[in-house]
Each structure stands twice: as C-alpha cells, then as structure tokens.
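K.L.:
Below you'll find query23.cif; it's mmCIF, C-alpha atoms and all ligand atoms.
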```cif
data_entry
loop_
_atom_site.label_atom_id
_atom_site.label_comp_id
_atom_site.auth_asym_id
_atom_site.auth_seq_id
_atom_site.Cartn_x
_atom_site.Cartn_y
_atom_site.Cartn_z
CA MET A 1 24.05 21.44 -47.64
CA ARG A 2 27.60 22.08 -46.41
CA PRO A 3 29.08 19.02 -44.60
CA PHE A 4 29.67 19.57 -40.89
CA PRO A 5 33.41 20.36 -40.39
CA LYS A 6 35.28 17.39 -38.88
CA ARG A 7 37.26 19.56 -36.47
CA ILE A 8 34.13 21.00 -34.88
CA LEU A 9 32.58 17.54 -34.61
CA THR A 10 35.68 16.21 -32.77
CA PHE A 11 35.64 19.24 -30.45
CA TYR A 12 32.04 18.59 -29.39
CA LEU A 13 32.76 14.88 -28.93
CA VAL A 14 35.65 15.66 -26.55
CA ILE A 15 33.43 18.04 -24.55
CA ILE A 16 30.69 15.41 -24.20
CA LEU A 17 33.13 12.64 -23.20
CA THR A 18 34.82 14.85 -20.59
CA PHE A 19 31.45 15.65 -19.08
CA LEU A 20 30.40 12.00 -18.93
CA VAL A 21 33.65 10.83 -17.25
CA GLY A 22 33.46 13.69 -14.75
CA CYS A 23 30.00 12.60 -13.67
CA GLN A 24 31.07 9.15 -12.54
CA THR A 25 31.91 8.87 -8.90
CA GLN A 26 32.74 5.58 -7.24
CA VAL A 27 30.90 4.91 -4.03
CA PRO A 28 32.65 2.02 -2.30
CA VAL A 29 30.53 -0.03 0.09
CA PHE A 30 32.27 -1.25 3.21
CA ILE A 31 30.97 -3.95 5.43
CA THR A 32 32.22 -3.81 8.95
CA THR A 33 32.52 -7.14 10.67
CA SER A 34 34.51 -6.07 13.69
CA PRO A 35 33.33 -7.65 16.90
CA GLY A 36 31.14 -5.41 18.95
CA SER A 37 30.00 -3.43 15.98
CA THR A 38 27.21 -5.71 14.91
CA ASN A 39 24.49 -4.31 17.11
CA THR A 40 22.40 -3.24 14.19
CA PRO A 41 20.51 -6.10 12.61
CA PHE A 42 21.71 -7.18 9.21
CA GLN A 43 19.84 -6.22 6.14
CA PRO A 44 18.32 -9.42 4.86
CA VAL A 45 20.04 -10.59 1.73
CA HIS A 46 17.57 -12.78 -0.04
CA PRO A 47 19.11 -15.75 -1.70
CA THR A 48 18.80 -15.63 -5.42
CA ALA A 49 16.99 -18.24 -7.39
CA THR A 50 20.31 -19.39 -8.79
CA LEU A 51 21.45 -20.76 -5.45
CA THR A 52 21.93 -24.47 -5.77
CA PRO A 53 23.12 -25.99 -2.51
CA GLN A 54 24.57 -29.46 -2.63
CA PRO A 55 21.75 -31.92 -2.07
CA THR A 56 23.81 -33.96 0.35
CA HIS A 57 24.44 -33.97 4.08
CA THR A 58 28.13 -33.45 3.60
CA PRO A 59 28.83 -30.93 0.91
CA THR A 60 32.26 -31.34 -0.53
CA ASN A 61 34.83 -28.71 0.01
CA THR A 62 35.83 -26.74 -3.01
CA SER A 63 38.68 -24.34 -2.96
CA THR A 64 37.66 -22.67 -6.20
CA PRO A 65 35.99 -19.35 -5.56
CA ILE A 66 32.64 -19.00 -7.25
CA PRO A 67 32.54 -16.02 -9.53
CA THR A 68 29.70 -13.68 -8.75
CA GLU A 69 27.39 -11.91 -11.11
CA THR A 70 27.76 -8.61 -9.31
CA PRO A 71 31.34 -8.01 -8.19
CA MET A 72 31.92 -5.45 -5.49
CA PRO A 73 33.43 -2.18 -6.63
CA GLU A 74 37.14 -1.94 -5.96
CA PRO A 75 37.77 0.02 -2.78
CA THR A 76 39.45 3.33 -3.37
CA ASN A 77 42.10 5.05 -1.32
CA THR A 78 39.47 7.17 0.35
CA PHE A 79 39.04 4.51 3.07
CA SER A 80 41.16 5.64 5.99
CA PRO A 81 39.70 4.66 9.34
CA GLU A 82 40.13 7.16 12.13
CA PRO A 83 42.68 5.92 14.66
CA THR A 84 40.92 4.80 17.82
CA GLU A 85 42.21 4.04 21.29
CA LYS A 86 40.90 0.52 21.15
CA THR A 87 42.94 -1.67 18.82
CA ASP A 88 40.68 -3.26 16.29
CA PRO A 89 41.78 -6.60 14.92
CA PRO A 90 43.54 -6.39 11.57
CA THR A 91 41.11 -6.96 8.75
CA GLU A 92 41.36 -7.62 5.07
CA GLU A 93 38.98 -6.88 2.27
CA VAL A 94 37.69 -10.08 0.70
CA THR A 95 35.76 -10.42 -2.51
CA ALA A 96 32.53 -12.34 -2.70
CA GLY A 97 32.73 -16.07 -3.31
CA GLU A 98 34.65 -17.89 -0.64
CA VAL A 99 35.35 -17.39 3.05
CA ILE A 100 37.78 -19.38 5.18
CA VAL A 101 36.57 -19.46 8.76
CA PRO A 102 36.30 -22.27 11.32
CA ILE A 103 32.79 -22.56 12.78
CA LEU A 104 32.59 -24.18 16.22
CA LEU A 105 29.50 -25.68 17.83
CA TYR A 106 28.75 -25.79 21.55
CA HIS A 107 25.63 -26.85 23.47
CA HIS A 108 26.02 -26.55 27.26
CA VAL A 109 28.69 -24.63 29.15
CA SER A 110 28.07 -25.80 32.70
CA GLU A 111 29.91 -26.99 35.82
CA THR A 112 27.39 -29.68 36.59
CA ILE A 113 26.05 -31.30 33.42
CA ASP A 114 27.70 -34.61 32.59
CA THR A 115 27.29 -35.28 28.89
CA GLN A 116 29.53 -35.06 25.86
CA TYR A 117 27.54 -31.96 24.87
CA ASN A 118 28.74 -29.99 27.87
CA VAL A 119 31.99 -28.04 28.06
CA HIS A 120 33.06 -27.10 31.58
CA PRO A 121 33.33 -23.30 32.04
CA ASP A 122 37.03 -23.64 33.00
CA ARG A 123 37.73 -25.51 29.79
CA PHE A 124 35.65 -23.05 27.80
CA ALA A 125 37.66 -20.19 29.34
CA GLU A 126 40.92 -21.90 28.28
CA GLN A 127 39.58 -22.24 24.76
CA MET A 128 38.58 -18.58 24.52
CA LYS A 129 42.00 -17.59 25.88
CA TRP A 130 43.66 -19.81 23.27
CA LEU A 131 41.66 -18.12 20.52
CA ASN A 132 42.52 -14.68 21.85
CA ASP A 133 46.23 -15.55 22.30
CA HIS A 134 46.31 -16.73 18.70
CA GLY A 135 44.75 -13.56 17.34
CA TYR A 136 41.25 -14.80 16.56
CA SER A 137 38.27 -12.47 16.26
CA THR A 138 34.67 -13.61 16.18
CA ILE A 139 32.15 -13.01 13.43
CA THR A 140 28.60 -14.37 13.17
CA ILE A 141 26.98 -16.77 10.72
CA ALA A 142 25.13 -13.83 9.15
CA ASP A 143 28.53 -12.22 8.59
CA VAL A 144 29.77 -15.38 6.86
CA ALA A 145 26.72 -15.41 4.58
CA ARG A 146 27.10 -11.77 3.69
CA LEU A 147 30.81 -12.11 2.99
CA ILE A 148 30.15 -15.08 0.70
CA LEU A 149 27.45 -13.18 -1.20
CA ASP A 150 28.86 -9.65 -1.21
CA GLY A 151 32.44 -9.69 0.08
CA GLY A 152 33.58 -7.17 2.66
CA GLU A 153 35.95 -6.78 5.56
CA LEU A 154 37.05 -9.92 7.33
CA PRO A 155 39.32 -10.18 10.39
CA GLU A 156 42.62 -11.85 9.50
CA ARG A 157 41.83 -14.78 11.81
CA PRO A 158 38.07 -15.12 12.03
CA VAL A 159 36.18 -17.75 14.00
CA VAL A 160 32.44 -18.31 14.48
CA LEU A 161 31.22 -19.54 17.88
CA THR A 162 27.78 -21.12 17.66
CA PHE A 163 25.60 -22.47 20.46
CA ASP A 164 22.60 -24.74 19.89
CA ASP A 165 19.34 -25.21 21.78
CA GLY A 166 19.25 -22.00 23.84
CA TYR A 167 20.46 -23.18 27.24
CA LEU A 168 20.54 -20.77 30.14
CA ASP A 169 24.02 -21.95 31.17
CA VAL A 170 25.49 -20.48 27.98
CA TYR A 171 24.17 -17.08 28.99
CA LYS A 172 25.35 -17.54 32.58
CA ASN A 173 28.79 -19.03 31.93
CA ALA A 174 29.96 -18.62 28.33
CA TYR A 175 28.70 -15.10 27.66
CA PRO A 176 30.73 -13.36 30.43
CA ILE A 177 33.92 -15.21 29.42
CA MET A 178 33.43 -14.20 25.80
CA GLN A 179 32.78 -10.60 26.82
CA GLN A 180 36.30 -10.42 28.29
CA TYR A 181 37.64 -10.76 24.75
CA GLY A 182 34.92 -8.83 22.96
CA TYR A 183 33.71 -12.08 21.42
CA VAL A 184 30.21 -12.60 20.05
CA GLY A 185 28.33 -15.77 19.25
CA THR A 186 25.49 -17.06 17.12
CA PHE A 187 22.82 -18.67 19.28
CA PHE A 188 20.37 -21.11 17.70
CA ILE A 189 17.13 -21.09 19.63
CA ILE A 190 14.32 -23.65 19.63
CA GLY A 191 11.26 -21.45 19.19
CA SER A 192 8.94 -23.26 21.58
CA THR A 193 11.42 -23.06 24.47
CA VAL A 194 11.83 -19.29 24.68
CA ASP A 195 10.69 -17.90 28.02
CA THR A 196 10.44 -21.35 29.61
CA THR A 197 12.36 -22.63 32.65
CA GLN A 198 15.98 -23.64 31.98
CA ASN A 199 15.91 -21.76 28.69
CA LEU A 200 16.47 -18.22 27.65
CA SER A 201 14.00 -15.41 28.11
CA THR A 202 13.22 -12.73 25.55
CA LYS A 203 14.96 -10.24 27.86
CA LYS A 204 18.22 -12.22 27.97
CA LEU A 205 18.15 -12.85 24.23
CA THR A 206 17.71 -9.12 23.71
CA ASN A 207 20.74 -8.48 25.93
CA LEU A 208 22.77 -10.81 23.74
CA ILE A 209 21.59 -9.07 20.57
CA ASN A 210 22.54 -5.73 22.08
CA SER A 211 26.03 -7.14 22.73
CA GLY A 212 26.43 -8.06 19.06
CA TRP A 213 25.26 -11.66 19.14
CA GLU A 214 23.21 -13.14 16.35
CA ILE A 215 20.10 -15.14 17.18
CA GLY A 216 19.17 -17.87 14.71
CA SER A 217 16.36 -20.40 14.56
CA HIS A 218 16.83 -24.04 15.51
CA SER A 219 13.27 -25.01 14.48
CA MET A 220 10.18 -24.84 16.67
CA SER A 221 10.33 -28.23 18.38
CA HIS A 222 13.70 -29.77 17.45
CA ILE A 223 12.42 -32.63 15.31
CA ASP A 224 14.37 -34.39 12.59
CA LEU A 225 13.14 -32.41 9.58
CA ASN A 226 13.97 -35.25 7.18
CA GLN A 227 11.33 -37.38 8.92
CA GLY A 228 8.78 -34.76 9.83
CA ASN A 229 6.60 -32.90 7.38
CA ASN A 230 5.52 -29.90 9.42
CA TRP A 231 8.13 -27.69 7.83
CA GLU A 232 5.99 -24.57 7.74
CA TYR A 233 5.62 -24.67 11.52
CA GLU A 234 9.21 -25.68 12.19
CA ILE A 235 11.09 -23.51 9.70
CA ILE A 236 8.81 -20.54 8.96
CA GLY A 237 6.89 -20.56 12.27
CA SER A 238 10.03 -20.44 14.40
CA LYS A 239 11.40 -17.56 12.32
CA SER A 240 8.18 -15.55 12.74
CA LEU A 241 7.97 -16.32 16.45
CA LEU A 242 11.54 -15.21 17.16
CA GLU A 243 11.21 -12.13 14.98
CA GLY A 244 8.00 -11.21 16.81
CA LYS A 245 9.59 -11.61 20.24
CA LEU A 246 12.96 -10.06 19.46
CA GLY A 247 12.15 -7.46 16.84
CA VAL A 248 15.12 -8.32 14.60
CA PRO A 249 15.32 -10.34 11.39
CA ILE A 250 16.18 -14.00 11.96
CA LEU A 251 18.44 -14.82 9.04
CA THR A 252 20.08 -18.13 9.91
CA PHE A 253 18.72 -21.61 10.52
CA ALA A 254 20.35 -24.60 12.24
CA TYR A 255 18.98 -27.98 11.17
CA PRO A 256 18.14 -30.10 14.25
CA TYR A 257 20.73 -32.89 14.59
CA GLY A 258 22.51 -31.38 11.60
CA LEU A 259 20.16 -33.30 9.31
CA ALA A 260 18.76 -31.85 6.10
CA ASP A 261 18.03 -33.47 2.76
CA ALA A 262 17.72 -31.54 -0.49
CA ALA A 263 14.02 -30.81 0.04
CA VAL A 264 14.56 -29.43 3.55
CA ILE A 265 17.39 -27.24 2.26
CA ARG A 266 15.20 -25.97 -0.59
CA TYR A 267 12.40 -25.17 1.85
CA THR A 268 14.80 -23.28 4.12
CA ILE A 269 16.03 -21.17 1.21
CA ASP A 270 12.46 -20.36 0.17
CA ALA A 271 11.54 -19.48 3.76
CA GLY A 272 13.74 -16.38 3.50
CA TYR A 273 16.82 -17.36 5.48
CA THR A 274 20.16 -16.20 4.09
CA SER A 275 22.09 -19.24 5.30
CA ALA A 276 21.83 -22.42 7.34
CA VAL A 277 24.23 -24.56 9.32
CA GLY A 278 24.78 -28.28 9.66
CA LEU A 279 27.72 -30.36 10.82
CA GLY A 280 31.09 -31.07 9.21
CA SER A 281 34.76 -30.22 9.22
CA ASN A 282 35.22 -27.88 6.27
CA VAL A 283 36.47 -24.42 7.10
CA THR A 284 36.15 -23.13 3.54
CA HIS A 285 32.64 -21.95 2.77
CA ASP A 286 31.09 -20.72 -0.47
CA LYS A 287 27.76 -20.35 -2.25
CA ASN A 288 27.43 -24.10 -2.66
CA THR A 289 27.61 -24.65 1.09
CA LEU A 290 25.71 -21.53 2.18
CA PHE A 291 22.73 -23.63 3.30
CA PHE A 292 24.80 -26.35 4.92
CA LEU A 293 27.68 -24.47 6.49
CA ASN A 294 29.93 -26.96 8.23
CA ARG A 295 30.31 -26.69 11.98
CA LYS A 296 32.70 -28.65 14.15
CA GLU A 297 31.33 -29.68 17.50
CA VAL A 298 33.51 -29.11 20.57
CA LYS A 299 32.93 -32.12 22.81
CA SER A 300 33.28 -32.18 26.58
CA TRP A 301 36.61 -34.00 26.66
CA TYR A 302 38.41 -31.98 23.97
CA GLY A 303 41.64 -30.37 25.14
CA LEU A 304 43.52 -27.52 23.52
CA ASP A 305 45.14 -30.03 21.15
CA PHE A 306 41.77 -30.10 19.36
CA PHE A 307 42.20 -26.40 18.63
CA GLU A 308 45.79 -26.95 17.48
CA ASP A 309 44.56 -29.63 15.08
CA PHE A 310 41.38 -28.06 13.79
CA MET A 311 42.01 -24.34 13.64
CA PRO A 312 43.57 -23.02 10.43
CA TRP A 313 45.99 -20.62 12.18
CA THR A 314 47.98 -21.94 15.13
CA GLU A 315 51.22 -19.94 15.25
ZN ZN A 401 19.92 -28.99 18.75
#
```
Do you think you could lay out the structure here as structure tokens?
P.N.:
Amino acid sequence: MRPFPKRILTFYLVIILTFLVGCQTQVPVFITTSPGSTNTPFQPVHPTATLTPQPTHTPTNTSTPIPTETPMPEPTNTFSPEPTEKTDPPTEEVTAGEVIVPILLYHHVSETIDTQYNVHPDRFAEQMKWLNDHGYSTITIADVARLILDGGELPERPVVLTFDDGYLDVYKNAYPIMQQYGYVGTFFIIGSTVDTTQNLSTKKLTNLINSGWEIGSHSMSHIDLNQGNNWEYEIIGSKSLLEGKLGVPILTFAYPYGLADAAVIRYTIDAGYTSAVGLGSNVTHDKNTLFFLNRKEVKSWYGLDFFEDFMPWTE
C-alpha cells in the first residue's frame, strides 16, 4: 500500500487544530458584590470535604493565599459595565483564596439600653458616617465566603456589619441609618425568638432581605454549643426554621458567645452552612478560617479612635 503523503497529513492536522481552537469560547463568571444588588439569595456553595478549619477558638492569621483546585477563568476585556447615574464603589477582581475585610459585631443599637453590648444610635450614626467618609462599602458574610471559595468582585474598601441576637432596636435604629449610605448587614437570628415580643418578625426580616441584608442563624436557643449536645436542634433546626419562615437559604452560622470547638465546627460544616463566624481581630480571612471568621465587637464606649485603630484603611 502507498504510504499516506506527509504534506496531506499535515494539511488535515492544521484543519482539525484550527477547528478545535475556534470552538473554545471563554465564558467569564462575574460575581457582583455591590451593596444593594444582593437581593437575590446566594446559591449555596457546599463546602468541600477537603475543608479543614482550625480546631481552635482563635485561628491564626495567615497571609499566604491558599491555592484553589479550580481557579476562576481570567476575565476578558468583554467586561465593560454600562455607565450608570449612581456611582458604584470602585471594585477589584480578586481570586479565590484570601479576602481582607474587617468584620464588625453589634448587638443593640438603642437610646435606652445600658450595657456594653449597646451602641447609642448617635454613636452608630457617627460610625457609619466615618465608614462612608473613608470610602467603605458593605458586603455580607455570604459574600466573604463566596469570595474566599470562588473569587469575584470586591469593593476596594469592604466592611461587614454583623448584628447578633435579632433585636428590634437594630431594625428601628440601625437599619435606617445604614440605608442612608446604601449599607447592608448580616443579622444573626436566634430561631426560637422570631415573631416574639422585642424581637424581629418574619415580616421585618423579609424587609431586610429585600434591602440586601443577609439573615444567618445564631442557633435555636443561644446555648453554649461546646457544653450542650443538642446540636441537631440548635444548628440544623434553626436553619430549617428560618428557611421555612423566610423562604431563602440560610448559609451562615454565628456560634453563641463565639464559642466552638473542633466538633461543633465540623457539625456546622456538615449541616450545610457555607461559613460561620466567631470572635477575633483578624481581618484576613481564608479557607482555614471560613468556619470561624473573626469578628471584632464594637462596644458601647468605643469612639471613632477604635475605627482609626482597627480598620485597615484610614486615610
Ligand atoms: Zn448572641
């Protein structure tokens, strides 16, 4: 048999290669984290079995980004947002692995309550003004988790405002102040208190969700989970209850008192949350801290000097 001519073979190879290259089209995936645009619930991102949170109450800060198994595709030049009248905060595209964002914790925002866990509305208003004057934009805890896992668009100066326990005064006093700046919060609700006196109703929680807030679970009865053993009720039950009442996925959990040992953390991961928050001062978050994201509590007597000291961007 006559050997197949080399020139013809090369010709066909070129044709096939050209066809294959021509078929590939890059489809970049953009994640919008601008405030006010988070009305749609997040798609749950189930933690992978490889997640290994630090089995300690105070995970150490690591500034080394964790490489991911599935890097995001490089964005192409096709991304050109339409100019809008409203000025969106400047954002940058970050790759998965590490996110730098201060996470603040509040409880009450009231004129009358006298505990260290209450911030007077006037003081809270000063703090929100300070954040706005210094170019901060809010994102939610679910945003932080998704950015760590997938990367995406992050405001240049992000901050997360979290509120624990579901007090009515936050809705009455903090929410309107935050609305002036287009700020959203993440509200951690104790399941058993919803629709009870002095706490938030399903209707009010739905209003917050419609304004871009994230609702997370803060257990069912606010027990110390390290001591208790009713984790199914506290961690899974509260998630189901809130999801049933609110009709959105509950993706984030706040450990009561900021306490969680390795077993509690493991249980929270298996329960289907995408992240959880504790206490601490780190503002750099990554996969190792995804289930014990550090939050810094704002106490009643803190002045603006606290913000100058704690916040990463103060110019
Ligand atoms: Zn609490």
K.L.:
If you take only C-alpha atoms and all ligand atoms and a cut-off of 7 Å, which residues of chain A touch ligand ZN 401 (chain A), and what are their nearest atom pairs and distances in Å to one decimal, in chain and number order, as CSV?
P.N.:
```
residue,atom,partner,partner_atom,distance
A:Asp164,CA,A:ZN401,ZN,5.2
A:Asp165,CA,A:ZN401,ZN,4.9
A:His218,CA,A:ZN401,ZN,6.7
A:His222,CA,A:ZN401,ZN,6.4
A:Pro256,CA,A:ZN401,ZN,5.0
A:Tyr257,CA,A:ZN401,ZN,5.8
```
K.L.:
What is the atom CA of Leu225 of chain A to atom CA of Ala262 of chain A distance in Å?
P.N.:
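Calculated distance between atom CA of Leu225 of chain A and atom CA of Ala262 of chain A is 11.1 Å.
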K.L.:
Which residue out of A:Gly135, A:Pro89, A:Gly272, A:Gly216 has the minimum interatomic distance to Tyr255 of chain A when all atoms listed in the file are used?
P.N.:
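Looking only at the distances to Tyr255 of chain A, the closest residue turns out to be A:Gly216.
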K.L.:
Please report the interatomic distance between atom CA of Thr284 of chain A and atom CA of Arg123 of chain A in Å with one decimal.
P.N.:
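The value is 26.4 Å.
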K.L.:
Could you tell me how far atom CA of Pro102 of chain A sits from atom CA of Asp309 of chain A, in Å to one decimal place?
P.N.:
11.7 Å
K.L.:
Out of A:Trp231, A:Phe188, A:Tyr167, A:Phe291, which residue has the shortest atom-to-atom distance to Ile148 of chain A when counting all atoms listed in the file?
P.N.:
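Once distances to Ile148 of chain A are computed over all atoms listed in the file, the minimum belongs to A:Phe291.
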